[in-house]
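Asks: Can you read through this structure? Questions will come right after.
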Amino acid sequence: MSETTEPGPSGSARTLLPTATPARTRAVVRELLRPYRALTVTGFGTMVLATAVGLLTQPLLGHVVDVVFEHRSPDALTWPVLALAGVAAVQGVTTAVGMSLVSRLGETALARLRERFVDRALSLPLERLERAGSGDLSSRVTRDVSRVADAVRGALPELARSALSIVLTLGALALLDWRFLLAALVAVPVQAHTARWYVRNAVPLYAKERIAAGAQQQQLLDTIGGARTVRAYRLQDGHTRRVTERSRTAVELTMRGVRLVLRFYSRLHIAEYVGLTAVLVTGFVLVRSGSASIGTATAAALYFHSLFGPVNTALVLLDDAQSATAGLARLVGVVDEPGPARSGRTDDLPAAVSGAPAVTLAGVSHSYAPGRPVLREVDLEVRPKERVALVGTTGAGKTTLAKLVAGLHRPEAGRIDIGGFAPDESGRLVGLVTQEVHVFAGPLADDLRLARPDASDEELREALAAVGALGWAEQLPDGLDTVVGDGGHRLTADRAQQLALARLLLADPPVAVLDEATAEAGSSGARLLDEAAERALRGRTALIVAHRLSQAAAADRVVVLDGGRVVEQGPHDELLAAGGRYAALWQAWSDNRSPAAGRRKPAVPTEHAVPTEHAGATQPVESARSLDPPAGPAADGSRAVP
């Protein structure tokens with residue numbers, strides 16, 4: 001397994017996901033095919049039969065030549081012609097069946113590989129994906145999977161048929177006369193040298209092309225994601241230059257591949273000329289000496305000519321095979337990437353934890369880049385069914401703390417305990433709702449059932465009603481059967497948040513983490529979302545990253561973070577009376593809510609990382625925001641911060 005490092009933003013290094021070695025890639029292919037031995041034997045056995053039957057064509061044509069050359073009766077041509085028709089029919093049927101079986105084998109193995117790839121990709125630690133960048137994973141999901149799929153559907157069956165044709169045709173040449181076989185083998189050194197030359201140059205070239213494609217995709221994602229600030233700062237020229245450089249690199253590697261293929265073809269034509277010349281000269285010598293008939297020499301020439309197609313196909317398919325192999329190695333690299341460690345106790349979670357558990361953090365520290373800690377020795381205890389709001393300025397560590405509790409990251413130091421379990425052992429104990437809510441494409445009911453697949457329609461309606469979403473859901477064109485998401489009915493930001501809160505209710509975890517989960521709503525929807533979150537959190541231990549300080553005021557306890565440390569904590573009223581950091585934040589937030597402050601201020605470009613605490617490890621996502629966001633000023637996040 002090998003890892004590649006490429007330049008990241010601002011000169012930082014990005015560690016790409018690993019690529020499997022050739023030996024490991026072959027081992028995975030054998031592992032995928034092992035359960036389908038019967039299908040493998042049947043498919044390739046049928047292909048052998050089809051190829052063997054097809055090899056009867058050349059001797060029959062040679063016999064026809066002898067009949068004509070010897071001036072026999074026209075009736076002597078009847079049975080060879082009928083035999084040729086029979087050979088064509090049998091070969092056609094058996095080839096179709098064999099190709100179908102081989103294709104089924106390839107598609108089945110590919111489906112298993114895709115399932116394993118998706119399963120591993122979804123379970124990779126978040127920090128690992130952040131180090132690699134989203135472009136690396138997305139290029140593997142799209143381009144590499146597509147290349148492997150195309151090879152399985154086209155190259156694998158054709159390559160199998162071509163290999164069988166080559167082996168059996170050479171055997172048939174030996175049966176005619178061993179000297180014909182020797183003459184045909186004159187072309188082999190040229191073809192073998194060509195194949196080795198091509199593989200030696202193609203493998204590293206296609207690997208570089210895959211990496212360049214991923215880098216190009218990453219740069220496009222980065223530029224598009226920060227388009228607003230790019231325009232605000234008039235950075236279009238610089239970003240266009242970087243996109244152009246990445247694109248030019250990818251195009252240059254592609255053109256090198258095209259030139260490589262053209263040289264490959266020209267060498268194959270030389271091998272064909274040398275081999276056919278040798279067979280024809282051998283036939284001439286044997287016929288002249290009386291060792292072979294004209295029909296036999298004709299059959300030998302036809303046999304060698306019939307090798308043009310299979311040999312060229314097999315060698316040309318090396319292009320697809322090498323490209324697919326490079327993509328396959330990148331997929332296997334993700335499949336073999338170690339996932340988060342598990343203790344194996346998750347099956348005992350429901351019985352081991354009753355009610356809402358406590359959440360305890362002891363000496364928790366975390367960083368995304370060496371020497372740049374985000375959290376520093378945080379000690380915090382959230383009592384059962386208590387609601388704790390996390391507040392603080394941008395970069396204070398709120399989102400990182402929430403993700404550690406949710407199990408998305410593992411702390412570098414310290415301990416997190418949730419009802420006697422570590423976060424990565426308590427997947428069914430903790431529910432996380434973030435500001436970035438995804439609406440899955442499909443019926444609304446299916447989207448909800450992602451949280452509880454066996455939920456009845458009545459339970460879905462109860463969850464929607466609890467978050468105030470049942471009214472608009474039933475008014476959709478097809479009610480709960482309405483297709484939402486991409487290609488369907490588009491939900492507004494506040495409705496998407498209500499949908500996420502309804503999924504939280506259906507999943508019914510005893511611990512809930514809300515990371516600015518109501519921050520996307522405008523002022524008209526903020527109150528409704530706050531009420532929905534209130535109902536969704538009833539009876540649960542809750543940790544809330546507060547976007548608006550009104551959310552903090554409604555919590556049982558407020559925890560103020562600054563520089564990765566807890567600097568204040570206590571009930572809202574007590575912290576206000578203390579006149580400390582929280583009181584200052586509250587005063588600034590309250591002043592910005594006044595009518596005078598409510599008037600729109602000029603847009604001020606700002607640059608921040610998402611999440612902000614990841615600034616040392618992720619690609620900056622740039623945006624232009626005003627000092628007063630639409631939903632009212634915030635005391636947290638990348639928006640207006642006092």
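Labels for the structure tokens follow display order: chains A, B, ..., residues from 1 in each chain, ligands from 1.
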Which of stretch 378-457 of chain A end up as strand (DSSP E or B) when DSSP is run on this backbone - answer as a list in words?

Replies: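 Answer for stretch 378-457 of chain A restricted to strand (DSSP E or B) is Val378, Asp379, Leu380, Glu381, Val382, Arg387, Val388, Ala389, Leu390, Val391, Ala413, Gly414, Arg415, Ile416, Asp417, Ile418, Phe421, Val430, Gly431, Leu432, Val433, Thr434, Gly442 and Pro443 of chain A.
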
Asks: Which residues are near A:Ala300? Cut-off 9 Å, only C-alpha atoms, ignore same chain within fewer than 3 positions. Put them as a ChimeraX atom specification.

Replies: /A:58-59,62,172-173,176-177,180-181,279-280,283,295-297,303-305

Asks: Write out as a list of chain:residue names the residues lying within 8 Å of A:Val190, counting only C-alpha atoms and excluding same-chain residues fewer than 2 positions away.

Replies: A:Ala187, A:Val188, A:Ala192, A:His193, A:Thr194, A:Arg267, A:Leu268, A:Ile270, A:Ala271

Asks: For each of A:Thr298, A:Thr15, A:Ser100, A:Thr169, take the minimum atom-to-atom distance to A:Leu129, counting only C-alpha atoms, then give the residue where this is smallest.

Replies: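 Using only C-alpha atoms, the shortest distance to A:Leu129 belongs to A:Thr15.
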
Asks: Find the spatial neighbours of stretch 87-89 of chain A, counting only C-alpha atoms, within a cut-off of 8 Å - ignore same-chain residues fewer than 2 positions away - and output them as a PyMOL selection string.

Replies: chain A and resi 53-54+56-57+83-85+91-93

Asks: Could you give me, as a PyMOL selection string, the residues within 9 Å of A:Leu137, counting only C-alpha atoms and dropping anything in the same chain fewer than 3 positions from it?

Replies: chain A and resi 16-17+121+129+132-134+140-142+214+334

Asks: Pick the closest to A:Glu381 from A:Thr25, A:Thr360, A:Ser139, A:Gln219: which is it, counting only C-alpha atoms?

Replies: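 For A:Glu381, the nearest of the candidates is A:Thr360.
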
Asks: Within 12 Å of A:Arg242, counting only C-alpha atoms, which residues qualify if same-chain residues fewer than 2 places away don't, as a ChimeraX atom specification?

Replies: /A:7-10,215-220,222-223,235-240,244-249

Asks: Please produce a file of those selected residues containing N, CA and C atoms, as a JSON list (two decimals), in the first residue's frame.

Replies:
[["chain", "number", "residue", "atom", "x", "y", "z"],
["A", 7, "PRO", "N", 0.85, 18.88, -3.48],
["A", 7, "PRO", "CA", 0.72, 20.22, -2.91],
["A", 7, "PRO", "C", -0.74, 20.57, -2.67],
["A", 8, "GLY", "N", -1.01, 21.13, -1.51],
["A", 8, "GLY", "CA", -2.35, 21.57, -1.17],
["A", 8, "GLY", "C", -2.43, 23.07, -1.25],
["A", 9, "PRO", "N", -3.49, 23.64, -0.71],
["A", 9, "PRO", "CA", -3.65, 25.08, -0.73],
["A", 9, "PRO", "C", -2.57, 25.78, 0.07],
["A", 10, "SER", "N", -2.14, 26.89, -0.44],
["A", 10, "SER", "CA", -1.14, 27.72, 0.24],
["A", 10, "SER", "C", 0.14, 26.96, 0.50],
["A", 215, "ALA", "N", -6.49, 15.93, -8.52],
["A", 215, "ALA", "CA", -6.03, 17.28, -8.17],
["A", 215, "ALA", "C", -6.82, 18.35, -8.92],
["A", 216, "GLN", "N", -7.13, 18.08, -10.18],
["A", 216, "GLN", "CA", -7.93, 19.02, -10.96],
["A", 216, "GLN", "C", -9.32, 19.18, -10.36],
["A", 217, "GLN", "N", -9.92, 18.05, -9.98],
["A", 217, "GLN", "CA", -11.26, 18.09, -9.39],
["A", 217, "GLN", "C", -11.24, 18.82, -8.05],
["A", 218, "GLN", "N", -10.19, 18.59, -7.25],
["A", 218, "GLN", "CA", -10.08, 19.28, -5.96],
["A", 218, "GLN", "C", -9.99, 20.78, -6.15],
["A", 219, "GLN", "N", -9.19, 21.23, -7.12],
["A", 219, "GLN", "CA", -9.03, 22.66, -7.35],
["A", 219, "GLN", "C", -10.34, 23.29, -7.81],
["A", 220, "LEU", "N", -11.08, 22.58, -8.66],
["A", 220, "LEU", "CA", -12.39, 23.08, -9.09],
["A", 220, "LEU", "C", -13.34, 23.21, -7.92],
["A", 222, "ASP", "N", -12.57, 23.61, -4.75],
["A", 222, "ASP", "CA", -12.12, 24.69, -3.89],
["A", 222, "ASP", "C", -12.50, 26.05, -4.47],
["A", 223, "THR", "N", -12.30, 26.22, -5.76],
["A", 223, "THR", "CA", -12.58, 27.51, -6.40],
["A", 223, "THR", "C", -14.07, 27.81, -6.42],
["A", 235, "LEU", "N", -10.06, 37.94, -7.02],
["A", 235, "LEU", "CA", -9.01, 36.92, -7.12],
["A", 235, "LEU", "C", -9.23, 35.99, -8.31],
["A", 236, "GLN", "N", -10.10, 36.40, -9.24],
["A", 236, "GLN", "CA", -10.44, 35.50, -10.34],
["A", 236, "GLN", "C", -9.21, 35.07, -11.13],
["A", 237, "ASP", "N", -8.28, 36.00, -11.38],
["A", 237, "ASP", "CA", -7.13, 35.66, -12.20],
["A", 237, "ASP", "C", -6.28, 34.58, -11.55],
["A", 238, "GLY", "N", -6.03, 34.72, -10.24],
["A", 238, "GLY", "CA", -5.21, 33.72, -9.55],
["A", 238, "GLY", "C", -5.86, 32.36, -9.52],
["A", 239, "HIS", "N", -7.17, 32.32, -9.22],
["A", 239, "HIS", "CA", -7.85, 31.03, -9.18],
["A", 239, "HIS", "C", -7.98, 30.43, -10.57],
["A", 240, "THR", "N", -8.22, 31.28, -11.57],
["A", 240, "THR", "CA", -8.28, 30.77, -12.94],
["A", 240, "THR", "C", -6.95, 30.18, -13.35],
["A", 244, "THR", "N", -6.32, 26.41, -14.43],
["A", 244, "THR", "CA", -5.71, 26.16, -15.74],
["A", 244, "THR", "C", -4.48, 25.27, -15.62],
["A", 245, "GLU", "N", -3.65, 25.53, -14.60],
["A", 245, "GLU", "CA", -2.44, 24.72, -14.43],
["A", 245, "GLU", "C", -2.79, 23.26, -14.14],
["A", 246, "ARG", "N", -3.77, 23.04, -13.24],
["A", 246, "ARG", "CA", -4.17, 21.66, -12.94],
["A", 246, "ARG", "C", -4.78, 20.99, -14.18],
["A", 247, "SER", "N", -5.60, 21.74, -14.91],
["A", 247, "SER", "CA", -6.23, 21.18, -16.11],
["A", 247, "SER", "C", -5.20, 20.88, -17.18],
["A", 248, "ARG", "N", -4.21, 21.79, -17.33],
["A", 248, "ARG", "CA", -3.18, 21.57, -18.34],
["A", 248, "ARG", "C", -2.36, 20.33, -18.02],
["A", 249, "THR", "N", -2.07, 20.14, -16.74],
["A", 249, "THR", "CA", -1.33, 18.94, -16.34],
["A", 249, "THR", "C", -2.11, 17.68, -16.69]]

Asks: Given only C-alpha atoms as the basis, pick out the residue of A:Glu377, A:Glu458, A:Asp417, A:Asp515 nearest to A:Val566.

Replies: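 Going through A:Glu377, A:Glu458, A:Asp417, A:Asp515 one by one, the smallest distance to A:Val566 is for A:Glu377.
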
Asks: Measuring atom to atom with only C-alpha atoms, identify which of A:Val437, A:Ala183, A:Ala577, A:Ala299 is nearest to A:Val65.

Replies: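 The closest residue to A:Val65 is A:Ala299.
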
Asks: Identify which of the residues A:Pro310, A:Gly468, A:Gly275, A:Pro357 lies closest to A:Ala542, counting only C-alpha atoms when measuring atom-to-atom distances.

Replies: A:Pro357

Asks: Provide the atom CA of A:Arg288 to atom CA of A:Asp75 distance in Å, to one decimal place.

Replies: 28.4 Å

Asks: Would you pick out the contacts of A:Ala38 at 12 Å or less, using only C-alpha atoms, so that residues sharing its chain but fewer than 4 positions from it are not included, and give the list as a list in words?

Replies: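 Once the nearby chain positions are removed, what remains is Leu33, Arg34, Thr42, Gly43, Phe44, Gly45, Leu101, Val102 and Leu105 of chain A.
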
Asks: Go through A:Ala202, A:Leu404, A:Ala500, A:Val311 one by one, measure the shortest atom-to-atom distance of each to A:Arg449 using only C-alpha atoms, and give the residue with the smallest value.

Replies: A:Ala500

Asks: If DSSP is run on the backbone, what residues of stretch 214-460 of chain A are alpha helix (DSSP H)? A reply as number ranges by chain would be ideal.

Replies: A: 214-225, 227-232, 236-289, 294-335, 349-352, 398-406, 444-449, 457-460

Asks: Atoms to include: C-alpha atoms. Write the selected residues as a compact mmCIF listing (two decimals), in the first residue's frame.

Replies:
# COMPACT_ATOMS: atom_id res chain seq x y z
CA GLY A 214 -8.13 14.14 -8.65
CA ALA A 215 -6.03 17.28 -8.17
CA GLN A 216 -7.93 19.02 -10.96
CA GLN A 217 -11.26 18.09 -9.39
CA GLN A 218 -10.08 19.28 -5.96
CA GLN A 219 -9.03 22.66 -7.35
CA LEU A 220 -12.39 23.08 -9.09
CA LEU A 221 -14.26 22.24 -5.87
CA ASP A 222 -12.12 24.69 -3.89
CA THR A 223 -12.58 27.51 -6.40
CA ILE A 224 -16.32 27.03 -6.84
CA GLY A 225 -16.86 26.67 -3.09
CA ALA A 227 -16.63 31.81 -5.52
CA ARG A 228 -18.21 34.67 -3.58
CA THR A 229 -15.03 35.75 -1.84
CA VAL A 230 -13.00 35.15 -5.02
CA ARG A 231 -15.18 37.77 -6.67
CA ALA A 232 -15.21 40.05 -3.61
CA GLN A 236 -10.44 35.50 -10.34
CA ASP A 237 -7.13 35.66 -12.20
CA GLY A 238 -5.21 33.72 -9.55
CA HIS A 239 -7.85 31.03 -9.18
CA THR A 240 -8.28 30.77 -12.94
CA ARG A 241 -4.53 30.32 -13.27
CA ARG A 242 -4.50 27.50 -10.71
CA VAL A 243 -7.43 25.75 -12.37
CA THR A 244 -5.71 26.16 -15.74
CA GLU A 245 -2.44 24.72 -14.43
CA ARG A 246 -4.17 21.66 -12.94
CA SER A 247 -6.23 21.18 -16.11
CA ARG A 248 -3.18 21.57 -18.34
CA THR A 249 -1.33 18.94 -16.34
CA ALA A 250 -4.23 16.51 -16.72
CA VAL A 251 -4.53 17.20 -20.47
CA GLU A 252 -0.79 16.80 -21.03
CA LEU A 253 -0.82 13.41 -19.34
CA THR A 254 -3.82 12.38 -21.44
CA MET A 255 -2.04 13.40 -24.65
CA ARG A 256 1.05 11.45 -23.57
CA GLY A 257 -1.24 8.45 -23.29
CA VAL A 258 -2.62 9.03 -26.79
CA ARG A 259 0.90 9.24 -28.27
CA LEU A 260 1.85 6.08 -26.40
CA VAL A 261 -1.12 4.20 -27.91
CA LEU A 262 -0.28 5.39 -31.44
CA ARG A 263 3.29 4.11 -31.15
CA PHE A 264 1.88 0.87 -29.74
CA TYR A 265 -0.29 0.34 -32.82
CA SER A 266 2.56 1.00 -35.25
CA ARG A 267 4.71 -1.69 -33.61
CA LEU A 268 1.84 -4.19 -33.79
CA HIS A 269 1.57 -3.68 -37.56
CA ILE A 270 5.24 -4.59 -37.94
CA ALA A 271 4.67 -7.85 -36.05
CA GLU A 272 1.71 -8.74 -38.30
CA TYR A 273 3.75 -8.15 -41.46
CA VAL A 274 6.69 -10.23 -40.22
CA GLY A 275 4.52 -13.15 -39.10
CA LEU A 276 2.31 -13.35 -42.20
CA THR A 277 5.37 -13.21 -44.45
CA ALA A 278 6.94 -16.11 -42.57
CA VAL A 279 3.77 -18.26 -42.81
CA LEU A 280 3.35 -17.60 -46.54
CA VAL A 281 7.00 -18.42 -47.28
CA THR A 282 6.71 -21.62 -45.23
CA GLY A 283 3.55 -22.60 -47.10
CA PHE A 284 5.24 -22.00 -50.44
CA VAL A 285 8.21 -24.18 -49.46
CA LEU A 286 6.02 -27.02 -48.12
CA VAL A 287 3.68 -27.05 -51.14
CA ARG A 288 6.63 -27.02 -53.54
CA SER A 289 8.24 -29.95 -51.73
CA ILE A 294 -2.47 -25.88 -51.34
CA GLY A 295 -5.56 -26.24 -49.13
CA THR A 296 -3.42 -26.89 -46.05
CA ALA A 297 -1.20 -23.89 -46.80
CA THR A 298 -4.33 -21.81 -47.33
CA ALA A 299 -5.74 -22.96 -43.97
CA ALA A 300 -2.43 -22.07 -42.28
CA ALA A 301 -2.45 -18.59 -43.82
CA LEU A 302 -6.08 -18.10 -42.79
CA TYR A 303 -5.30 -19.29 -39.27
CA PHE A 304 -2.51 -16.74 -38.91
CA HIS A 305 -4.64 -14.01 -40.47
CA SER A 306 -7.41 -14.84 -37.99
CA LEU A 307 -4.89 -14.16 -35.23
CA PHE A 308 -4.69 -10.49 -36.25
CA GLY A 309 -7.98 -9.73 -34.56
CA PRO A 310 -7.48 -11.61 -31.25
CA VAL A 311 -3.82 -10.59 -30.88
CA ASN A 312 -4.51 -6.94 -31.65
CA THR A 313 -7.59 -7.00 -29.44
CA ALA A 314 -5.66 -8.54 -26.54
CA LEU A 315 -2.78 -6.09 -26.88
CA VAL A 316 -5.00 -3.08 -27.50
CA LEU A 317 -7.11 -4.02 -24.50
CA LEU A 318 -3.94 -3.59 -22.49
CA ASP A 319 -4.74 0.13 -22.77
CA ASP A 320 -8.11 -0.36 -21.11
CA ALA A 321 -6.67 -2.97 -18.77
CA GLN A 322 -3.86 -0.71 -17.56
CA SER A 323 -6.21 2.22 -17.08
CA ALA A 324 -8.69 0.00 -15.23
CA THR A 325 -5.89 -1.57 -13.18
CA ALA A 326 -4.74 1.87 -12.06
CA GLY A 327 -8.30 2.72 -11.06
CA LEU A 328 -8.80 -0.67 -9.39
CA ALA A 329 -5.65 -0.20 -7.31
CA ARG A 330 -7.02 3.15 -6.07
CA LEU A 331 -10.35 1.54 -5.16
CA VAL A 332 -8.64 -1.35 -3.35
CA GLY A 333 -6.49 1.20 -1.54
CA VAL A 334 -9.64 2.69 0.00
CA VAL A 335 -11.11 -0.76 0.72
CA LEU A 349 -25.76 -0.91 23.91
CA PRO A 350 -29.56 -0.93 24.30
CA ALA A 351 -29.41 -3.24 27.30
CA ALA A 352 -26.37 -1.61 28.87
CA LYS A 398 -17.18 24.34 19.62
CA THR A 399 -17.65 22.26 16.47
CA THR A 400 -14.62 20.11 17.24
CA LEU A 401 -15.95 19.37 20.72
CA ALA A 402 -19.35 18.45 19.29
CA LYS A 403 -17.78 16.12 16.73
CA LEU A 404 -15.65 14.42 19.36
CA VAL A 405 -18.74 13.67 21.44
CA ALA A 406 -20.56 12.42 18.33
CA LEU A 444 -40.00 11.91 1.58
CA ALA A 445 -41.07 8.81 3.53
CA ASP A 446 -37.91 6.95 2.48
CA ASP A 447 -35.81 9.93 3.54
CA LEU A 448 -37.35 9.75 7.01
CA ARG A 449 -37.00 5.97 7.23
CA ASP A 457 -46.54 5.86 8.15
CA GLU A 458 -48.24 6.88 11.38
CA GLU A 459 -44.89 7.08 13.18
CA LEU A 460 -43.52 9.21 10.35

Asks: Could you jot down the atom CA of A:Arg428 to atom CA of A:Gly564 separation for me, Å, one decimal place?

Replies: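 Between atom CA of A:Arg428 and atom CA of A:Gly564 the gap is 27.5 Å.
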